[in-house]
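Below is one structure, written out as structure tokens, with a few remarks after it.
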Amino acid sequence: MAGRLISANHAAAYAAALAGRANRTGRGFCSGVYPITPSTECMELLCNQEIEKGEVVRVESEHSAMAVCIGAAASGARTFTVSSSNGLALMAENVYAAALLRLPVVMVAANRTLGPPWNIWADHGDTLMLRDSGWVQLYCADNQEVLDSVLCAYRLAEDHRVLLPVLVCQEGFVLSHTMTETDVPSQERVDRLLPPLDLPGRLAATPRVMGGIDAPHTTEVHRARHHEAMARVFGVYREVQDAFERELGRRPADPVVPYRADDADALVVSMGTIASTAERAVDEARARGERLGSVRVRMFRPFPAEQLSALFRGVARIAVIDRDISLGFGGVLWGEARGLAEPGAVAQGYVIGVGGGDVRPEHVAAIAADLRARNSAGRPILMEAGA
Amino acid sequence: MSVPSPLPGADAAPARPAPLLRPGNSNCGGCGMSTAFQIFSRALGQTRVQFVVPASCAAVMAGPFPTSSLGAPALLSTFGAGAAVATGLARVARLNGDGTRVVCWAGDGGTYDIGMASLSAAAERDEDLLYVCYDNEIYGNTGGQRSSATPAGATTTNTPGGKPEEKKDILAIMAAHRARYAASLSIAHPQDAVRKVRRALDTTGFRFLHVLAPCPTGWKSEPALGIELVRLAVRSGLYPVVEIVEGRKLVINCEPDFSTEALELYLSLQRRFQRSGLSNERLAAAIARSWRDLRARSGRIVPAGREG
Amino acid sequence: MSDPLPAALPTGGPALPLEIRVHGRGGQGGVTCAKLLACMFAEQGLHVQTFGDYGSERSGAPVRAFTRVDTARVANRNKVYHPNHLLVLDAALLGDDVLDGAAPGAVLLVNSARGLAVFSEGHRGFRVAAVDATAIARRHGIGSAALVIVNTTLAGAYARAVGIPWDVVERAYRTQDLESDLPAAREAYEAVAVREPEAGAATPAPRPRTPAPPRVLGIEELTEDLPARLPTGSWRTQMPRYRSHVAPCTAACPAGNDVVGFVQALRAGGVEAAARVLLATQPLPSVCGRVCPAPCMAGCNRSAYDGAVNVRALERWIGDRAGPEAGRASVPRPLRFAVVGGGPAGLSAAFALGSAGHEVKVLEAGPRLGGVLRTGIPAYRLPPDALDRDLARILALGVDARCGLAVDAAGVRELARGHDAVILAAGLPRTARLDVPGQALGGVEEGLGFLDAVKNGGGRLLGGHVVVVGGGNTAVDCARTALRCGAARVTIAYRRGRAEMPAISSEVDEAVAEGVDLLLHRQPVALIGNGRLQGVTLAVVEPGAPDASGRRRPIVTDRKATLACDGLLLALGQGADLGLVPPGWSVRDGRAFEGEGDGATPTSVWLAGDMATGDGTVSHAIGNGRRIAGRALAAALGAPAPAEAAPGPEERVSPAHVRFSYFEVIPPRPERHAAAAARARSFDEVSRGLDDASEADRCFSCGRCTLCDTCLLSCPEGVVSRSDDGYAVDEAFCKGCGMCVAECPRRAMEMTLEAAAR
């Protein structure tokens, strides 16, 4: 077996521990954690790891979990937390704070819908709620990608041209509790990938206020600079991919992952494991002679508009599948991607799998069929995946 | 990615530039929090500290970006997260063993109310941090609303007829957490106060200091009388000046005279008490109750000596 | 406000649409001010809009507020950039920022203590108006001492300046529940001064928009320490100042001693430092430190706390230990003075003149210097060596003392011819008589003569029961001396009560402790005996209506009783003998004049001490002797008389000014006294004085800075620092909260309004 048979939750925990240890020659590692289904196993495993010069603080809420990360990151430590759903909602204030303070915190979300009514299963609504919080957002499609993304996230976040927190998303249960063989790299390799964190403005002995009062004109500048740092992420991420490939021997996925899209006349655009399902549906469609392709949006913030535009060029029909819904509007991804379609192209939104419904290839096939039957886009279609 | 540089201790502390609270800060004249900073500063000496300041007047004071009104590094946190953010700083300080003492400097809103959960949790975890609550008994930064530290009878912008409920006993709450050291200090008794700050800085584990900090704006009192008001609060027994070690050993540091004169003067010098119809008798009874309890907890029936 | 009134303004009202900008400081109520103005226009049926420029400002920081007025609904949601009216709540804000965007003819109303003088050349193009709203609001108690709230007052002035009728103002204040501020508004309405714009005068050029504002650092770029330094000194409306005030002890000292000064000098610098202060006014510290009734102690603010500071004992401590030489000034041409009388007043005058470097001759009728100190005060209270120690210091100045030399009126004329001035200080040689039958009986004796005989005449032996008549120090001295001379029983008969006895209270207590009986409210009406005194008939005296001195006039009743006794000492007080003043001369205010009435011409002869004033205590005599010497010297030099400005009551430090909580309760250190039984038969000094000078530590130092650091430690801003001679307040940052002054334990500081005009 190549690698260890572990869940994505555990993959994330191993990655965090490796990254944490890698900072033992720097200011160390400090994580604040709080349990919530379906991310709990990640924090549990992390709490059982031996991390040299590392601390995992078992706090009383997600709000405090992120607060501990903020304090630790401000002090120059590498940090980590993990959460889901209402936990992220409670944490939201500090999620914003970490980004606005430009702290390179890394967080993993095991995606889960918000309640009540209580529902522990996956959709992307919880992390998309944090869309505008100023974090880099990566959506994963398998366990190895989760592990690799967490490692990449540190290298990306801590780059002086970026200095932004990164959120690595993996759908609850679908990934979080699903065990597959996953390569867990050695500490030596990770040490080479992740040199000690050097936060330029870390709180040390110099009197200085981190987060002092902004006036309107300073906030305008600070937001603009934050936005510019986001724009630099694509370039830096390419360098991270190169370094990762050099040190660990495999290349992490691009911000946008096309599948048989080159000659496609219709595309299915989605995030996370829906895209894996879509790729299976594409294979089936291709077998039937349909020129269907898939595009997986892996990096949602910054939004890879240029890459998507390039892929959409010459494509007449685009289905955007959201495992989330912005109530009163439609799918969030659809809202952002549809404007990138060429003039005259049909960009139709479909919402499916909200609250954890099991989205299967036949659902994608139905979507593709609906798309082909259209001459123009209509209102988003809310589908039921069922159990 | 740039070359990683700093190793622990690489930024070895230059002597902390005095003063801790810099002149030219934005606090109101006569702010009790400013006075608390002066006392803290005197106790500090060359101790290396980092501050966490949750949303509050102190956060506004700390400095309009990019300036600093504090002579020590400070991290401004969200309102309810002071103790948790301080936890992060304190853990990393300990990991790096550089002797930095982390201080969370919060108002009563950030302590008694919105910050209670993170405060309680940090105390329960016995985090190595010093939590200072400067208590002006009001949400001063938002213009003067009631908090659970507002005393009964005080008029605030959202209790126009006077707050009906009694103030929380924050020290009892902290004692119930078996905090390593918890003390109330009086800005009118600076020797005792400086001693307590020093002791709190030198103790390892979770420590809590409570400072009654007059707010001339919210209390509607003369800015010049802030220290005198605290003196009267101590004399009348309204504000017990005590210290509690490990949640068990309670010592009364200043013996009140429980005089009606002090109580009446305390109330009459603040317009916030003038519309509530608060009676001295009711207050005196509440004071007597709380002191019976304090004496029982101190195991000392005989009053202690009085400091000027 | 929603009444559909026609949009008409009274004649003279401002043109519409109208934009108003209010400049103030946090806490002054700029937003309320702008709202109040809006109300005044809304009351007239106009459409208005009003808002503040909200920020995180605190008390004292500059803030702005805006009001718009129009005949139609106001849709403009921007700040006001081109105001027609400008209100400035604090004159210190009056700079180009305030005037920015204002066109010629705009109304500019400023709260200023300087009236229209606050405006300069650059304001000539505006319709300027000024009123001292701070003073008015302060008078009406609006706000606090540190932060006077001037908004409602200035709004009243605004109404007048722009022609809004008073009844509109009243309605507007009522709608805002600000009726209580109407009197202040009315005062400002009436007091505001207005000046019309000068045609053609330029207004300041518009402030150039900063082309490139300083680069804003990124959050992640901030690594440096950039101290915040807001100009908080400009926020304050009052300023602390270090200033001494007069302590009650100093104010009460008849000798004019700087009591706080010498006690604090003793505490901080020891005996020699204290002596330098004390000897400036006090030639007889060893004497006064024993016999002064110490009004300083009666006035001591500490007596309201834990007992007066034992100033008298401290004075004795200094006098007994100070060196034998006092400082003597050197003058190029010493003047010559003659002093007649070697008692306290004469010695004081001689000491003052000698210290000033002049030649002084003292003529004393008795065999030795000292006057009543030598003859009238018993040795157990004032041992001769204590007096001699003080005298030696006086003589060390070169004072020429001639004893046994009685001077008469002719002699005075002669002395006046031979000296630049003559000071007569002959004391009170005449004793008051008791007008009752039987005074010639053996055993009836004058008290002072008795005391002198005992002290200087080799002693006396008494026996039986001795009655002393009187209630002053002489009476008590006689009683205690009689005991020491062997009297079996001594009774003091006094016509008033215990509290009214002029004698030093502690002396009376000591006498009683030694066995002296007090028989109060009694007056002798007859002495009974046959050649020799056998008894005294005493009538009961009842207190009547108060006399001019406030004491109740005694009324002698006919209830009498006879007290058997063997001796009677009369101590009824003394009077002056003005026979020294040459015939035809008159005395006015301590100076002798030739002739009488308006035509009298001043002479170089002066009268000092009891002879002039009849005050009757050593310290009064010392004070008066020194002052007369000063006047005589000034007159001799042709200089104006030295000022003797008595500080006003507002300069005094009263108990209310003392912050008692600062001071630990420490009971007074008593002097060591010999046991009553042992001392009652001995002429050894009863009081052995203090064991140490720690009593000086009890002094509050009322009104005098002791460098106690309380101001420094209580300053919330940390802007008080030590300077060379005391403390300095950093004016650039002091917010004027007044904490230092409120916390000063001893009123060595005060708040002034001087900073208000900054």
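Chain labels A, B, ... are given in the sequence in which chains occur in the structure tokens; within each chain residues are numbered consecutively from 1, and ligands are likewise numbered from 1 in the order shown.
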Inset, instruction - Using only C-alpha atoms, determine which residues lie at most 12 Å from A:Gln187, disregarding the query and same-chain residues fewer than 4 positions distant; provide the list as a count of residues only. - result: 21
For chain B against chain A, with a cut-off of 6 Å and counting only C-alpha atoms, what is the closest atom pair and its distance in Å to one decimal for every residue that makes the cut, ordered by chain and number, as CSV?
residue,atom,partner,partner_atom,distance
B:Met1,CA,A:Asp159,CA,5.1
B:Pro4,CA,A:Asp198,CA,5.5
B:Leu7,CA,A:Gly26,CA,5.6
B:Ala13,CA,A:Ala205,CA,5.6
B:Gly63,CA,A:Gly212,CA,5.5
B:Pro64,CA,A:Ile213,CA,4.5
B:Phe65,CA,A:Gly212,CA,4.8
B:Ser68,CA,A:Arg208,CA,5.6
B:Gly71,CA,A:Pro207,CA,5.2
B:Ala72,CA,A:Pro207,CA,4.1
B:Pro73,CA,A:Pro207,CA,4.0
B:Ala74,CA,A:Val209,CA,4.7
B:Leu75,CA,A:Met210,CA,4.7
B:Leu76,CA,A:Gly211,CA,5.3
B:Ala84,CA,A:Val68,CA,5.2
B:Val85,CA,A:Gly71,CA,4.4
B:Ala86,CA,A:Gly71,CA,6.0
B:Thr87,CA,A:Val68,CA,5.9
B:Gly88,CA,A:Ala72,CA,4.1
B:Leu89,CA,A:Gly71,CA,4.7
B:Val92,CA,A:Ala72,CA,5.9
Inset, instruction - May I ask you to extract the residues of chain C within 8 Å of chain B, using only C-alpha atoms, and to give them as a VMD selection string? - result: chain C and resid 56 to 61 144 to 146 217 222 225 to 233 661 to 664 713 to 719 733 to 743
Cut-off 7 Å: closest chain C/chain A atom pairs per residue, using only C-alpha atoms, as JSON lines:
{"residue": "C:Val216", "atom": "CA", "partner": "A:Thr218", "partner_atom": "CA", "distance": 6.2}
{"residue": "C:Gly218", "atom": "CA", "partner": "A:His222", "partner_atom": "CA", "distance": 5.8}
{"residue": "C:Ile219", "atom": "CA", "partner": "A:Leu101", "partner_atom": "CA", "distance": 6.5}
{"residue": "C:Glu220", "atom": "CA", "partner": "A:Gly201", "partner_atom": "CA", "distance": 5.9}
{"residue": "C:Glu221", "atom": "CA", "partner": "A:Gly201", "partner_atom": "CA", "distance": 6.4}
{"residue": "C:Leu222", "atom": "CA", "partner": "A:Gly201", "partner_atom": "CA", "distance": 5.9}
{"residue": "C:Thr223", "atom": "CA", "partner": "A:Gly201", "partner_atom": "CA", "distance": 4.9}
{"residue": "C:Glu224", "atom": "CA", "partner": "A:Arg208", "partner_atom": "CA", "distance": 6.8}
{"residue": "C:Asp225", "atom": "CA", "partner": "A:Arg208", "partner_atom": "CA", "distance": 5.3}
Export of prior selection with C-alpha atoms as a PDB file, in the first residue's frame:
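Full text of out.pdb as output:
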ATOM      1  CA  VAL C 216      -0.100  54.824   4.821  1.00  0.00           C
ATOM      2  CA  GLY C 218       0.489  48.423   5.461  1.00  0.00           C
ATOM      3  CA  ILE C 219      -0.612  46.467   8.532  1.00  0.00           C
ATOM      4  CA  GLU C 220       2.111  43.918   7.797  1.00  0.00           C
ATOM      5  CA  GLU C 221       4.746  46.651   7.335  1.00  0.00           C
ATOM      6  CA  LEU C 222       4.501  48.187  10.786  1.00  0.00           C
ATOM      7  CA  THR C 223       7.604  47.140  12.677  1.00  0.00           C
ATOM      8  CA  GLU C 224       8.749  50.405  14.232  1.00  0.00           C
ATOM      9  CA  ASP C 225       7.797  52.206  17.411  1.00  0.00           C
TER      10      ASP C 225
END
Legend entry - Selection near stretch 420-427 of chain C, 8 Å with only C-alpha atoms, sequence-local residues under 5 positions removed, as an MDAnalysis selection string: chainID C and resid 335:343 345:346 349 371 412 415 576:577 604:612 625 628:629 632:633 636
Residues of stretch 183-250 of chain B at most 10 Å from stretch 256-266 of chain B: nearest atom pair and distance in Å, only C-alpha atoms, as a tab-separated table:
residue	atom	partner	partner_atom	distance
B:Glu228	CA	B:Tyr266	CA	8.7
B:Leu229	CA	B:Tyr266	CA	5.9
B:Val230	CA	B:Tyr266	CA	8.3
B:Arg231	CA	B:Ala262	CA	8.7
B:Leu232	CA	B:Ala262	CA	5.3
B:Ala233	CA	B:Tyr266	CA	6.5
B:Val234	CA	B:Pro256	CA	5.9
B:Arg235	CA	B:Pro256	CA	4.2
B:Ser236	CA	B:Phe258	CA	4.2
B:Gly237	CA	B:Pro256	CA	5.2
B:Leu238	CA	B:Leu263	CA	7.9
B:Tyr239	CA	B:Pro256	CA	9.0
B:Pro240	CA	B:Pro256	CA	7.9
B:Val241	CA	B:Pro256	CA	9.0
Legend entry - Exercise: stretch 395-406 of chain C partners within 6 Å, only C-alpha atoms, chain neighbours under 3 positions left out, as a PyMOL selection string: chain C and resi 354+360-368+392
Inset, instruction - as a ChimeraX atom specification, please: all residues of stretch 170-236 of chain A that backbone DSSP puts in strand (DSSP E). - result: /A:170-171,179-182,209-210
Inset, instruction - Can you pull out every residue within 10 Å of stretch 353-357 of chain A, counting only C-alpha atoms, but drop anything in the same chain fewer than 2 positions away, and send it as a PyMOL selection string? - result: chain A and resi 111-115+118-125+171-174+274+321-325+351+359-360+363+382-387
Legend entry - Interatomic distance (Å, one decimal) between atom CA of C:Asn111 and atom CA of C:Thr203: 20.0 Å
Legend entry - d(atom CA of C:Val490, atom CA of C:Ala678) in Å: 16.6 Å
Legend entry - Shortest interatomic distance to A:Leu167 - which of A:Val315, A:Ala110, A:Ala266, A:Val33, counting only C-alpha atoms: A:Ala110
Inset, instruction - Report the residues of stretch 368-529 of chain C whose backbone DSSP state falls under helix (DSSP H, G or I), written as a ChimeraX atom specification. - result: /C:372-375,384-395,409-418,447-456,473-484,505-514
Inset, instruction - List the neighbours of stretch 725-728 of chain C out to 9 Å using only C-alpha atoms; skip same-chain residues closer than 4 positions along the sequence, and give me the result as JSON, numbers by chain. - result: {"C": [242, 705, 706, 707, 709, 711, 712, 719, 720, 721]}
Keeping only N, CA and C atoms, write those residues as a short mmCIF file (atom, residue, chain, number, x, y, z; two decimals), in the first residue's frame.
data_model
loop_
_atom_site.label_atom_id
_atom_site.label_comp_id
_atom_site.auth_asym_id
_atom_site.auth_seq_id
_atom_site.Cartn_x
_atom_site.Cartn_y
_atom_site.Cartn_z
N TYR C 242 1.89 75.28 40.93
CA TYR C 242 2.41 75.13 42.29
C TYR C 242 2.39 76.49 42.95
N CYS C 705 4.85 73.11 49.74
CA CYS C 705 5.25 71.86 49.09
C CYS C 705 6.39 71.20 49.86
N THR C 706 6.28 69.90 50.07
CA THR C 706 7.34 69.17 50.76
C THR C 706 8.05 68.20 49.82
N LEU C 707 7.76 68.32 48.52
CA LEU C 707 8.31 67.38 47.54
C LEU C 707 7.90 65.95 47.90
N ASP C 709 5.83 64.16 46.29
CA ASP C 709 5.61 63.38 45.05
C ASP C 709 4.16 62.97 44.82
N CYS C 711 1.67 64.67 43.75
CA CYS C 711 1.21 65.20 42.46
C CYS C 711 1.77 64.35 41.34
N LEU C 712 3.03 64.05 41.47
CA LEU C 712 3.72 63.28 40.44
C LEU C 712 3.09 61.89 40.32
N VAL C 719 2.66 63.34 33.46
CA VAL C 719 3.33 64.51 32.88
C VAL C 719 3.89 65.44 33.95
N VAL C 720 3.85 65.01 35.21
CA VAL C 720 4.49 65.79 36.26
C VAL C 720 5.86 65.17 36.52
N SER C 721 6.87 66.01 36.54
CA SER C 721 8.21 65.48 36.79
C SER C 721 8.94 66.39 37.77
#
Legend entry - Contact residues around C:His245 with only C-alpha atoms at 10 Å, ignoring same-chain residues under 2 positions, as a ChimeraX atom specification: /C:242-243,247-248,647,650-653,702-705,746-750
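Here the question is which of C:Thr710, C:Ser586, C:Arg688, C:Glu187 gets nearest to C:Gly289 using only C-alpha atoms, and that residue is C:Arg688.
Between atom CA of A:Leu267 and atom CA of A:Glu342 the interatomic distance comes to 12.6 Å.
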